[in-house]
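To keep things clear, I will list the structure first and then write my remarks on it.
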Amino acid sequence: MIRVCFQMADGQSVEAQAAAGDSLLTVGQAAGLPLEGTCEGQMACSTCHVIVDPDWFTKLTQASEDEEDMIDLAAGATRYSRLSCQITLDENLDGLTVRLPVESHNMQGR
């Protein structure tokens with residue numbers, strides 16, 4: 001199992017477990033986090049935006065140009081921003097830490 005730590009805007013941390021090949025978006029959603037993923041992982045929105053811990057950022061595959069274009073539309077984007085639907089977990093990412101931006105709101109949960 002691969003461990004992932006989601007840091008919430010209020011300072012709380014949520015630990016989740018994933019299998020190799022899982023997307024970070026589905027892992028976060030399964031843990032009940034406000035990662036909306038409106039486009040269901042088709043990279044047509046930025047509602048699954050996360051901020052990757054700088055120590056982990058370089059361990060991820062590089063974002064595509066299309067992903068970078070979507071991140072430009074995300075509220076609160078930083079140089080460490082990624083779309084969680086585009087992060088596929090593997091054993092090298094065991095312990096990955098990401099932060100949910102303050103602007104995260106899951107409109108599906110309302």
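Labeling convention for the structure tokens: chains A, B, ... as they appear, residues from 1 per chain, ligands from 1 in order of appearance.
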Q: Skip range 99-102 of chain A itself and residues of its chain fewer than 5 positions away, then list as a list in words all residues within 9 Å of it, counting only C-alpha atoms.
A: Cys5, Phe6, Gln7, Met8, Ala9, Asp10, Ser13, Leu33, Pro34, Leu35, Cys48, His49, Val50, Ile51, Val52, Asp53, Ala75, Gly76 and Ala77 of chain A
Please write the residues from the selection above to a file, keeping N, CA and C atoms, as a CSV table (one decimal), in the first residue's frame.
```csv
chain,number,residue,atom,x,y,z
A,5,CYS,N,-0.5,11.7,2.5
A,5,CYS,CA,-1.0,12.6,3.5
A,5,CYS,C,-1.5,13.9,2.8
A,6,PHE,N,-2.8,14.1,3.1
A,6,PHE,CA,-3.5,15.3,2.6
A,6,PHE,C,-3.5,16.3,3.8
A,7,GLN,N,-3.0,17.5,3.6
A,7,GLN,CA,-3.0,18.6,4.6
A,7,GLN,C,-4.2,19.5,4.2
A,8,MET,N,-5.1,19.7,5.1
A,8,MET,CA,-6.3,20.5,4.9
A,8,MET,C,-5.9,22.0,5.2
A,9,ALA,N,-6.7,22.9,4.6
A,9,ALA,CA,-6.5,24.3,4.8
A,9,ALA,C,-6.5,24.7,6.3
A,10,ASP,N,-7.3,24.0,7.1
A,10,ASP,CA,-7.4,24.3,8.5
A,10,ASP,C,-6.3,23.7,9.4
A,13,SER,N,-4.6,17.0,9.1
A,13,SER,CA,-4.0,16.1,8.2
A,13,SER,C,-4.9,14.9,8.1
A,33,LEU,N,-12.4,13.8,1.0
A,33,LEU,CA,-11.9,15.2,0.9
A,33,LEU,C,-12.6,16.0,-0.2
A,34,PRO,N,-12.5,17.3,-0.1
A,34,PRO,CA,-13.2,18.2,-1.0
A,34,PRO,C,-12.5,18.4,-2.3
A,35,LEU,N,-12.2,17.2,-3.0
A,35,LEU,CA,-11.6,17.3,-4.3
A,35,LEU,C,-12.7,16.9,-5.3
A,48,CYS,N,-9.8,19.7,-9.0
A,48,CYS,CA,-9.0,18.7,-8.2
A,48,CYS,C,-7.6,19.2,-7.9
A,49,HIS,N,-7.4,20.5,-8.0
A,49,HIS,CA,-6.1,21.1,-7.8
A,49,HIS,C,-5.6,20.8,-6.4
A,50,VAL,N,-4.3,20.4,-6.3
A,50,VAL,CA,-3.7,20.3,-5.0
A,50,VAL,C,-2.3,21.0,-5.1
A,51,ILE,N,-1.7,21.2,-4.0
A,51,ILE,CA,-0.4,21.8,-3.9
A,51,ILE,C,0.5,20.8,-3.3
A,52,VAL,N,1.5,20.3,-4.1
A,52,VAL,CA,2.4,19.2,-3.7
A,52,VAL,C,3.5,19.8,-2.8
A,53,ASP,N,3.8,19.1,-1.8
A,53,ASP,CA,4.9,19.4,-0.9
A,53,ASP,C,6.2,19.6,-1.8
A,75,ALA,N,-7.8,28.4,-8.7
A,75,ALA,CA,-7.7,29.4,-7.6
A,75,ALA,C,-6.6,29.1,-6.7
A,76,GLY,N,-5.7,30.0,-6.3
A,76,GLY,CA,-4.7,29.8,-5.4
A,76,GLY,C,-3.5,28.9,-5.9
A,77,ALA,N,-3.3,28.9,-7.2
A,77,ALA,CA,-2.3,28.1,-7.8
A,77,ALA,C,-0.9,28.6,-7.4
```
Would you compute the distance between CA of Met70 in chain A and CA of Asn92 in chain A? Give it in Å to one decimal.
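CA of Asn92 in chain A lies at a distance of 25.5 Å from CA of Met70 in chain A.
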Give me, as a PyMOL selection string, all polymer residues having an atom no more than 9 Å from Ile71 in chain A, counting only C-alpha atoms and skipping those fewer than 3 positions away in the same chain.
chain A and resi 45-46+49+66-68+74-75+77-78+81-83
Q) Which is closer to Ile2 in chain A than all the others in A:Cys39, A:Val27, A:Ala19, A:Leu60, using only C-alpha atoms? A)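 Looking at the shortest contact to Ile2 in chain A, the residue is A:Ala19.
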List every residue of range 14-97 of chain A that DSSP, applied to the backbone of this structure, assigns to alpha helix (DSSP H), and report them as a PDB file with N, CA and C atoms, in the first residue's frame.
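The result, stored in out28.pdb:
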```
ATOM      1  N   LEU A  24      -4.469  10.157  -7.604  1.00  0.00           N
ATOM      2  CA  LEU A  24      -4.560  10.892  -6.348  1.00  0.00           C
ATOM      3  C   LEU A  24      -5.976  11.427  -6.148  1.00  0.00           C
ATOM      4  N   LEU A  25      -6.651  11.791  -7.226  1.00  0.00           N
ATOM      5  CA  LEU A  25      -8.024  12.278  -7.131  1.00  0.00           C
ATOM      6  C   LEU A  25      -8.940  11.223  -6.520  1.00  0.00           C
ATOM      7  N   THR A  26      -8.910  10.010  -7.013  1.00  0.00           N
ATOM      8  CA  THR A  26      -9.819   8.976  -6.499  1.00  0.00           C
ATOM      9  C   THR A  26      -9.488   8.618  -5.062  1.00  0.00           C
ATOM     10  N   VAL A  27      -8.222   8.657  -4.702  1.00  0.00           N
ATOM     11  CA  VAL A  27      -7.818   8.373  -3.318  1.00  0.00           C
ATOM     12  C   VAL A  27      -8.366   9.457  -2.393  1.00  0.00           C
ATOM     13  N   GLY A  28      -8.222  10.714  -2.795  1.00  0.00           N
ATOM     14  CA  GLY A  28      -8.743  11.819  -1.986  1.00  0.00           C
ATOM     15  C   GLY A  28     -10.254  11.780  -1.867  1.00  0.00           C
ATOM     16  N   GLN A  29     -10.932  11.491  -2.956  1.00  0.00           N
ATOM     17  CA  GLN A  29     -12.392  11.404  -2.909  1.00  0.00           C
ATOM     18  C   GLN A  29     -12.844  10.263  -2.003  1.00  0.00           C
ATOM     19  N   ALA A  30     -12.164   9.129  -2.081  1.00  0.00           N
ATOM     20  CA  ALA A  30     -12.519   7.987  -1.231  1.00  0.00           C
ATOM     21  C   ALA A  30     -12.315   8.313   0.254  1.00  0.00           C
ATOM     22  N   PRO A  54       6.941  20.641  -1.620  1.00  0.00           N
ATOM     23  CA  PRO A  54       8.122  20.847  -2.472  1.00  0.00           C
ATOM     24  C   PRO A  54       9.087  19.663  -2.488  1.00  0.00           C
ATOM     25  N   ASP A  55       9.218  18.946  -1.368  1.00  0.00           N
ATOM     26  CA  ASP A  55      10.121  17.798  -1.324  1.00  0.00           C
ATOM     27  C   ASP A  55       9.652  16.662  -2.234  1.00  0.00           C
ATOM     28  N   TRP A  56       8.379  16.625  -2.543  1.00  0.00           N
ATOM     29  CA  TRP A  56       7.803  15.576  -3.380  1.00  0.00           C
ATOM     30  C   TRP A  56       7.610  16.013  -4.822  1.00  0.00           C
ATOM     31  N   PHE A  57       7.557  17.295  -5.060  1.00  0.00           N
ATOM     32  CA  PHE A  57       7.193  17.815  -6.380  1.00  0.00           C
ATOM     33  C   PHE A  57       8.075  17.257  -7.494  1.00  0.00           C
ATOM     34  N   GLU A  65       1.542  20.126 -20.941  1.00  0.00           N
ATOM     35  CA  GLU A  65       1.166  21.502 -21.267  1.00  0.00           C
ATOM     36  C   GLU A  65      -0.323  21.724 -21.014  1.00  0.00           C
ATOM     37  N   ASP A  66      -1.142  20.725 -21.344  1.00  0.00           N
ATOM     38  CA  ASP A  66      -2.585  20.835 -21.099  1.00  0.00           C
ATOM     39  C   ASP A  66      -2.877  20.969 -19.607  1.00  0.00           C
ATOM     40  N   GLU A  67      -2.175  20.184 -18.781  1.00  0.00           N
ATOM     41  CA  GLU A  67      -2.381  20.290 -17.340  1.00  0.00           C
ATOM     42  C   GLU A  67      -1.948  21.667 -16.841  1.00  0.00           C
ATOM     43  N   GLU A  68      -0.823  22.147 -17.307  1.00  0.00           N
ATOM     44  CA  GLU A  68      -0.363  23.468 -16.883  1.00  0.00           C
ATOM     45  C   GLU A  68      -1.360  24.549 -17.264  1.00  0.00           C
ATOM     46  N   ASP A  69      -1.985  24.404 -18.436  1.00  0.00           N
ATOM     47  CA  ASP A  69      -3.010  25.367 -18.842  1.00  0.00           C
ATOM     48  C   ASP A  69      -4.193  25.355 -17.884  1.00  0.00           C
ATOM     49  N   MET A  70      -4.603  24.175 -17.421  1.00  0.00           N
ATOM     50  CA  MET A  70      -5.724  24.077 -16.482  1.00  0.00           C
ATOM     51  C   MET A  70      -5.320  24.626 -15.117  1.00  0.00           C
ATOM     52  N   ILE A  71      -4.093  24.374 -14.698  1.00  0.00           N
ATOM     53  CA  ILE A  71      -3.620  24.885 -13.403  1.00  0.00           C
ATOM     54  C   ILE A  71      -3.637  26.413 -13.398  1.00  0.00           C
TER      55      ILE A  71
END
```
All residues 6 Å or closer to range 87-90 of chain A, only C-alpha atoms, same chain fewer than 5 positions away omitted, as a PDB file with N, CA and C atoms, in the first residue's frame:
```pdb
ATOM      1  N   ALA A  20      -0.929   0.967  -6.066  1.00  0.00           N
ATOM      2  CA  ALA A  20      -0.210   1.431  -7.245  1.00  0.00           C
ATOM      3  C   ALA A  20      -1.185   1.506  -8.415  1.00  0.00           C
ATOM      4  N   GLY A  21      -1.115   2.614  -9.149  1.00  0.00           N
ATOM      5  CA  GLY A  21      -1.995   2.809 -10.288  1.00  0.00           C
ATOM      6  C   GLY A  21      -3.206   3.664  -9.985  1.00  0.00           C
ATOM      7  N   ASP A  22      -3.514   3.882  -8.703  1.00  0.00           N
ATOM      8  CA  ASP A  22      -4.631   4.754  -8.329  1.00  0.00           C
ATOM      9  C   ASP A  22      -4.277   6.199  -8.643  1.00  0.00           C
ATOM     10  N   SER A  23      -5.285   6.988  -9.003  1.00  0.00           N
ATOM     11  CA  SER A  23      -5.036   8.421  -9.166  1.00  0.00           C
ATOM     12  C   SER A  23      -5.196   9.093  -7.808  1.00  0.00           C
ATOM     13  N   LEU A  24      -4.469  10.157  -7.604  1.00  0.00           N
ATOM     14  CA  LEU A  24      -4.560  10.892  -6.348  1.00  0.00           C
ATOM     15  C   LEU A  24      -5.976  11.427  -6.148  1.00  0.00           C
TER      16      LEU A  24
END
```
Please compute the CA of Tyr80 in chain A-CA of Gly37 in chain A distance, one decimal, in Å.
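According to the coordinates, CA of Tyr80 in chain A and CA of Gly37 in chain A are separated by 18.6 Å.
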- Task: State, in Å with one decimal place, the distance from CA of Thr61 in chain A to CA of Ser84 in chain A.
- Result: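 So the answer is 12.2 Å.
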Backbone DSSP call of strand (DSSP E) for chain A, listed as a short mmCIF file (atom, residue, chain, number, x, y, z; two decimals) with C-alpha atoms, in the first residue's frame:
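File part_3.cif, as written:
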```
data_model
loop_
_atom_site.label_atom_id
_atom_site.label_comp_id
_atom_site.auth_asym_id
_atom_site.auth_seq_id
_atom_site.Cartn_x
_atom_site.Cartn_y
_atom_site.Cartn_z
CA ILE A 2 1.02 3.57 -0.69
CA ARG A 3 0.49 6.17 2.01
CA VAL A 4 -0.63 9.68 1.12
CA CYS A 5 -0.96 12.62 3.50
CA PHE A 6 -3.49 15.32 2.63
CA GLN A 7 -3.04 18.55 4.57
CA SER A 13 -4.01 16.11 8.16
CA VAL A 14 -5.81 13.17 6.60
CA GLU A 15 -3.87 9.99 5.91
CA ALA A 16 -5.07 7.74 3.11
CA GLN A 17 -3.89 4.50 1.59
CA ALA A 18 -3.77 3.72 -2.09
CA HIS A 49 -6.15 21.13 -7.76
CA VAL A 50 -3.65 20.27 -5.00
CA ILE A 51 -0.38 21.82 -3.91
CA VAL A 52 2.38 19.23 -3.71
CA SER A 81 0.32 23.03 -8.03
CA ARG A 82 -0.86 19.93 -9.85
CA LEU A 83 -4.19 18.39 -10.80
CA LEU A 96 3.44 11.74 -0.70
CA THR A 97 2.23 14.92 1.00
CA VAL A 98 -0.12 17.37 -0.68
CA ARG A 99 -2.05 20.38 0.58
#
```
